[in-house]
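Only one structure is covered here, and it is reproduced in the block below.
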Amino acid sequence: MKRELALGILIAAGTLAIATRAQQAPAPTAIEVEKLKENLFVLRGGGGNTAVFVQTDGVTVVDTKNPGWGQPLLTKIRELTNKPVTTIINTHTHFDHVSGNVDFPATVDIVTHENTAKNMELMRSPTGITPAPDAPKNIFKENGGKGMPKKTFKDKMKIGKGADEIDLFYFGRGHTSGDAWVVFPALRTMHAGDIFSGKNIPLLDAVNGGSGVEIGKTLAKAAKSIKGVDSIITGHSTVMTMADLTEYATFNDEFAAAVRDAKKAGKNVDAIASAWKLPAKYKGYADPLATPANTQRLKNNVQIVYDETK
Ligand SMILES: [Zn+2]
């Protein structure tokens with residue numbers, strides 16, 4: 001319980017830690033492995049949660065962590081299987097989910113939503129995040145284009161079949177403009193990326209197409225449309241359920257409605273942000289006022305919804 005609480009605070013504070021160029025490659029021991037199924041693992045540390053799906057003839061990796069973490073990630077995967085990594089799927093454009101791509105062999109297939117592929121060409125700093133001065137400006141350009149997506153999808157894509165099948169879905173804007181939902185149907189599990197990073201005030205990355213008005217609707221569409229899933233790998237938190245996802249959709253919808261109503265009543269962004277309180281019914285949610293970073297995120301999100309509301 002205590003550990004969960006500490007983890008919650010940590011996640012709330014640093015869902016997107018400031019990127020720094022790794023001076024020295026982090027040790028693979030810094031990556032923690034959670035075995036979800038016989039052939040599905042969550043690898044934590046060094047950025048967003050990575051899913052490792054061991055298939056008949058190879059391995060699919062979902063998200064590849066911060067700059068400098070690709071090699072330690074590969075080393076850790078070697079401890080789990082000796083099958084080659086054949087595919088990378090990036091859930092969205094953020095540096096803590098895509099940067100390790102450049103350390104994988106050039107033969108690996110890389111798949112993203114079409115908007116994420118466009119965002120990855122530019123690698124703009126996310127809303128509210130100030131990159132460290134030594135962070136890569138565009139890690140893919142600096143690596144001669146290595147690590148960029150080779151295949152994209154628009155609404156839906158099926159890769160492989162039977163026990164190996166992966167289904168990719170897109171339900172609209174939220175955290176960014178290109179949040180992919182990655183389903184492993186044979187394992188009744190999916191990776192949601194940062195559109196569901198955990199039970200917290202979401203990072204709405206307006207710079208990369210994110211939307212505070214749409215995120216609740218997109219989450220609800222996903223919760224309704226995706227069938228046969230019991231376990232959700234979140235972007236930065238613990239494994240959650242479909243009921244958690246449905247609740248998170250409502251949480252985000254209610255947030256947008258509260259901002260919209262307050263705007264209609266003539267309140268300004270500062271007044272709306274300082275009046276907003278986490279509704280008591282949302283148990284286990286990170287307190288938006290627990291840290292200055294969270295308070296700032298709350299204000300950013302009020303501003304984003306305010307600007308989107310006509
Ligand atoms: Zn993100």
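By order in the structure tokens, chains are A, B, ...; within a chain, residues start at 1; ligands start at 1, following the order shown.
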Under the rule of at most 7 Å, produce a per-residue listing of chain A near ligand 1: chain, number, name, the closest pair of atoms, and the distance in Å, as CSV, using only C-alpha atoms and all ligand atoms.
residue,atom,partner,partner_atom_place_in_ligand_line,distance
A:Leu16,CA,ligand 1,1 (Zn),6.6
A:His92,CA,ligand 1,1 (Zn),6.6
A:His94,CA,ligand 1,1 (Zn),4.9
A:His175,CA,ligand 1,1 (Zn),6.8
A:Asp194,CA,ligand 1,1 (Zn),4.9
Dump of all heavy atoms for the selected residues, as a compact mmCIF listing (two decimals), in the first residue's frame:
# COMPACT_ATOMS: atom_id res chain seq x y z
N LEU A 16 6.28 12.70 -17.28
CA LEU A 16 7.23 12.97 -18.35
C LEU A 16 8.42 13.67 -17.71
O LEU A 16 8.38 14.88 -17.52
CB LEU A 16 6.58 13.90 -19.38
CG LEU A 16 6.26 13.30 -20.73
CD1 LEU A 16 5.59 14.30 -21.60
CD2 LEU A 16 7.49 12.74 -21.38
N HIS A 92 2.95 6.67 -29.06
CA HIS A 92 2.84 8.09 -29.42
C HIS A 92 4.24 8.67 -29.51
O HIS A 92 5.22 7.98 -29.29
CB HIS A 92 1.97 8.85 -28.41
CG HIS A 92 2.52 8.92 -27.02
ND1 HIS A 92 2.64 7.80 -26.21
CD2 HIS A 92 3.00 9.95 -26.29
CE1 HIS A 92 3.15 8.16 -25.05
NE2 HIS A 92 3.39 9.46 -25.06
N HIS A 94 6.15 10.89 -27.83
CA HIS A 94 7.00 11.46 -26.78
C HIS A 94 8.35 10.75 -26.60
O HIS A 94 8.43 9.52 -26.70
CB HIS A 94 6.24 11.51 -25.45
CG HIS A 94 5.19 12.57 -25.46
ND1 HIS A 94 4.07 12.53 -24.66
CD2 HIS A 94 5.09 13.70 -26.21
CE1 HIS A 94 3.33 13.60 -24.91
NE2 HIS A 94 3.93 14.32 -25.84
N HIS A 175 -4.08 12.52 -25.44
CA HIS A 175 -2.76 12.91 -24.93
C HIS A 175 -1.98 13.63 -26.04
O HIS A 175 -1.30 14.62 -25.81
CB HIS A 175 -2.06 11.64 -24.46
CG HIS A 175 -0.69 11.79 -23.94
ND1 HIS A 175 -0.39 12.50 -22.81
CD2 HIS A 175 0.50 11.29 -24.38
CE1 HIS A 175 0.93 12.44 -22.57
NE2 HIS A 175 1.48 11.72 -23.51
N ASP A 194 0.18 6.64 -23.08
CA ASP A 194 -0.05 7.74 -22.14
C ASP A 194 -1.44 8.37 -22.22
O ASP A 194 -1.74 9.26 -21.44
CB ASP A 194 0.99 8.85 -22.35
CG ASP A 194 2.30 8.51 -21.68
OD1 ASP A 194 2.38 7.46 -21.01
OD2 ASP A 194 3.25 9.31 -21.81
Problem - alpha helix (DSSP H) per DSSP on the backbone: members of range 64-305 of chain A, as JSON, numbers by chain - result: {"A": [70, 71, 72, 73, 74, 75, 76, 77, 78, 79, 80, 95, 96, 97, 98, 114, 115, 116, 117, 118, 119, 120, 121, 122, 139, 140, 141, 142, 215, 216, 217, 218, 219, 220, 221, 222, 223, 224, 225, 242, 243, 244, 245, 246, 247, 248, 249, 250, 251, 252, 253, 254, 255, 256, 257, 258, 259, 260, 261, 262, 263, 264, 269, 270, 271, 272, 273, 274, 275, 292, 293, 294, 295, 296, 297, 298, 299, 300, 301, 302, 303, 304, 305]}
Grab the residues selected above and save them as a PDB file, in the first residue's frame with C-alpha atoms.
ATOM      1  CA  GLY A  70      17.440   1.382 -26.022  1.00  0.00           C
ATOM      2  CA  GLN A  71      20.580  -0.671 -25.444  1.00  0.00           C
ATOM      3  CA  PRO A  72      19.831  -1.543 -21.790  1.00  0.00           C
ATOM      4  CA  LEU A  73      16.295  -2.427 -22.917  1.00  0.00           C
ATOM      5  CA  LEU A  74      17.681  -4.794 -25.586  1.00  0.00           C
ATOM      6  CA  THR A  75      19.990  -6.381 -23.008  1.00  0.00           C
ATOM      7  CA  LYS A  76      17.060  -6.905 -20.646  1.00  0.00           C
ATOM      8  CA  ILE A  77      14.954  -8.450 -23.439  1.00  0.00           C
ATOM      9  CA  ARG A  78      17.848 -10.883 -24.074  1.00  0.00           C
ATOM     10  CA  GLU A  79      17.383 -12.150 -20.499  1.00  0.00           C
ATOM     11  CA  LEU A  80      13.747 -13.016 -21.313  1.00  0.00           C
ATOM     12  CA  PHE A  95      10.738  11.094 -26.218  1.00  0.00           C
ATOM     13  CA  ASP A  96      10.257   8.804 -23.199  1.00  0.00           C
ATOM     14  CA  HIS A  97       8.443   6.275 -25.449  1.00  0.00           C
ATOM     15  CA  VAL A  98      10.326   6.471 -28.767  1.00  0.00           C
ATOM     16  CA  GLU A 114       0.000   8.141 -39.048  1.00  0.00           C
ATOM     17  CA  ASN A 115      -0.151  11.326 -36.921  1.00  0.00           C
ATOM     18  CA  THR A 116       2.588  10.002 -34.642  1.00  0.00           C
ATOM     19  CA  ALA A 117       4.824   9.409 -37.672  1.00  0.00           C
ATOM     20  CA  LYS A 118       4.315  13.094 -38.590  1.00  0.00           C
ATOM     21  CA  ASN A 119       4.961  14.208 -35.010  1.00  0.00           C
ATOM     22  CA  MET A 120       8.149  12.106 -34.883  1.00  0.00           C
ATOM     23  CA  GLU A 121       9.519  13.980 -37.889  1.00  0.00           C
ATOM     24  CA  LEU A 122       9.464  17.153 -35.792  1.00  0.00           C
ATOM     25  CA  ILE A 139      17.043  12.052 -31.960  1.00  0.00           C
ATOM     26  CA  PHE A 140      15.975  10.582 -35.316  1.00  0.00           C
ATOM     27  CA  LYS A 141      17.573  13.349 -37.417  1.00  0.00           C
ATOM     28  CA  GLU A 142      20.716  13.035 -35.273  1.00  0.00           C
ATOM     29  CA  ILE A 215      -9.653  13.050 -24.431  1.00  0.00           C
ATOM     30  CA  GLY A 216     -12.680  11.943 -22.383  1.00  0.00           C
ATOM     31  CA  LYS A 217     -14.636  11.060 -25.542  1.00  0.00           C
ATOM     32  CA  THR A 218     -11.670   9.168 -27.008  1.00  0.00           C
ATOM     33  CA  LEU A 219     -11.159   7.187 -23.796  1.00  0.00           C
ATOM     34  CA  ALA A 220     -14.879   6.343 -23.650  1.00  0.00           C
ATOM     35  CA  LYS A 221     -14.852   5.195 -27.289  1.00  0.00           C
ATOM     36  CA  ALA A 222     -11.897   2.918 -26.568  1.00  0.00           C
ATOM     37  CA  ALA A 223     -13.542   1.516 -23.426  1.00  0.00           C
ATOM     38  CA  LYS A 224     -16.722   0.747 -25.416  1.00  0.00           C
ATOM     39  CA  SER A 225     -15.139  -0.517 -28.623  1.00  0.00           C
ATOM     40  CA  MET A 242     -11.448  -1.815 -18.256  1.00  0.00           C
ATOM     41  CA  ALA A 243     -13.541  -0.477 -15.341  1.00  0.00           C
ATOM     42  CA  ASP A 244     -10.603   1.801 -14.456  1.00  0.00           C
ATOM     43  CA  LEU A 245     -10.497   3.000 -18.065  1.00  0.00           C
ATOM     44  CA  THR A 246     -14.228   3.755 -18.113  1.00  0.00           C
ATOM     45  CA  GLU A 247     -13.856   5.685 -14.863  1.00  0.00           C
ATOM     46  CA  TYR A 248     -10.889   7.631 -16.286  1.00  0.00           C
ATOM     47  CA  ALA A 249     -12.990   8.566 -19.350  1.00  0.00           C
ATOM     48  CA  THR A 250     -15.686   9.989 -17.071  1.00  0.00           C
ATOM     49  CA  PHE A 251     -13.071  11.798 -14.963  1.00  0.00           C
ATOM     50  CA  ASN A 252     -11.719  13.564 -18.048  1.00  0.00           C
ATOM     51  CA  ASP A 253     -15.171  14.347 -19.445  1.00  0.00           C
ATOM     52  CA  GLU A 254     -16.252  15.867 -16.146  1.00  0.00           C
ATOM     53  CA  PHE A 255     -13.073  17.950 -16.018  1.00  0.00           C
ATOM     54  CA  ALA A 256     -13.736  19.370 -19.485  1.00  0.00           C
ATOM     55  CA  ALA A 257     -17.393  20.044 -18.594  1.00  0.00           C
ATOM     56  CA  ALA A 258     -16.396  21.844 -15.377  1.00  0.00           C
ATOM     57  CA  VAL A 259     -14.008  24.127 -17.252  1.00  0.00           C
ATOM     58  CA  ARG A 260     -16.555  24.774 -20.006  1.00  0.00           C
ATOM     59  CA  ASP A 261     -19.299  25.658 -17.506  1.00  0.00           C
ATOM     60  CA  ALA A 262     -16.983  27.929 -15.520  1.00  0.00           C
ATOM     61  CA  LYS A 263     -15.931  29.705 -18.717  1.00  0.00           C
ATOM     62  CA  LYS A 264     -19.589  30.240 -19.635  1.00  0.00           C
ATOM     63  CA  VAL A 269      -8.328  30.406 -16.243  1.00  0.00           C
ATOM     64  CA  ASP A 270      -6.664  31.261 -12.910  1.00  0.00           C
ATOM     65  CA  ALA A 271      -9.990  31.343 -11.077  1.00  0.00           C
ATOM     66  CA  ILE A 272     -11.106  28.029 -12.616  1.00  0.00           C
ATOM     67  CA  ALA A 273      -7.813  26.281 -11.819  1.00  0.00           C
ATOM     68  CA  SER A 274      -7.660  27.471  -8.217  1.00  0.00           C
ATOM     69  CA  ALA A 275     -11.285  26.501  -7.573  1.00  0.00           C
ATOM     70  CA  PRO A 292       3.993  22.317  -7.946  1.00  0.00           C
ATOM     71  CA  ALA A 293       4.374  20.281 -11.172  1.00  0.00           C
ATOM     72  CA  ASN A 294       0.887  18.820 -10.731  1.00  0.00           C
ATOM     73  CA  THR A 295      -0.579  22.220  -9.937  1.00  0.00           C
ATOM     74  CA  GLN A 296       1.040  23.582 -13.092  1.00  0.00           C
ATOM     75  CA  ARG A 297      -0.344  20.704 -15.128  1.00  0.00           C
ATOM     76  CA  LEU A 298      -3.834  21.373 -13.762  1.00  0.00           C
ATOM     77  CA  LYS A 299      -3.510  24.998 -14.851  1.00  0.00           C
ATOM     78  CA  ASN A 300      -2.177  24.013 -18.291  1.00  0.00           C
ATOM     79  CA  ASN A 301      -5.124  21.675 -18.778  1.00  0.00           C
ATOM     80  CA  VAL A 302      -7.663  24.303 -17.722  1.00  0.00           C
ATOM     81  CA  GLN A 303      -6.055  26.661 -20.236  1.00  0.00           C
ATOM     82  CA  ILE A 304      -6.192  24.044 -23.007  1.00  0.00           C
ATOM     83  CA  VAL A 305      -9.858  23.188 -22.445  1.00  0.00           C
TER      84      VAL A 305
END
Problem - Minimum-distance residue to Trp69 in chain A, chosen among A:Lys158, A:Lys283, A:Arg44, A:Lys277 (using only C-alpha atoms) - result: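 Answer, going by the shortest atom-to-atom distance: A:Arg44.
Relative to CA of Val111 in chain A, CA of Ala186 in chain A is found at 20.0 Å.
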Handout entry: Atomic separation - CA of Met123 in chain A relative to CA of Thr93 in chain A, Å
Key =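 One can read the CA of Thr93 in chain A to CA of Met123 in chain A distance as 7.1 Å.
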Problem - range 30-170 of chain A: residues DSSP assigns to strand (DSSP E or B), reported as an NGL selection string - result: :A and (32-37 or 40-44 or 50-54 or 59-62 or 85-89 or 109-113 or 151-153 or 156-159 or 166-169)
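Shortest atom-to-atom contact with Ala290 in chain A among A:His236, A:Asn200, A:Ala265, A:Pro26: A:Asn200, counting only C-alpha atoms.
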Practice task
Find, counting only C-alpha atoms, the residue in A:Phe104, A:Gly178, A:Gly212, A:Leu43 that gets nearest to Asp307 in chain A.
Solution key: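 The shortest atom-to-atom distance to Asp307 in chain A comes from A:Gly212.
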Exercise for the section: Tell me which of A:Gly228, A:Pro202, A:Thr112, A:His191 sits closest to Tyr285 in chain A, counting only C-alpha atoms. Expected result: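 Of A:Gly228, A:Pro202, A:Thr112, A:His191, the one nearest Tyr285 in chain A, counting only C-alpha atoms, is A:Pro202.
The spacing separating CA of Gly198 in chain A from CA of Arg173 in chain A amounts to 17.4 Å.
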Handout entry: Closest of A:Gly128, A:Pro84, A:Gly144, A:Gly45 to Lys65 in chain A - atom-to-atom distances counting only C-alpha atoms
Key = A:Gly45
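Nearest to Lys137 in chain A of all the residues A:Trp276, A:Gly193, A:Phe171, A:Pro67 is A:Pro67, based on only C-alpha atoms.
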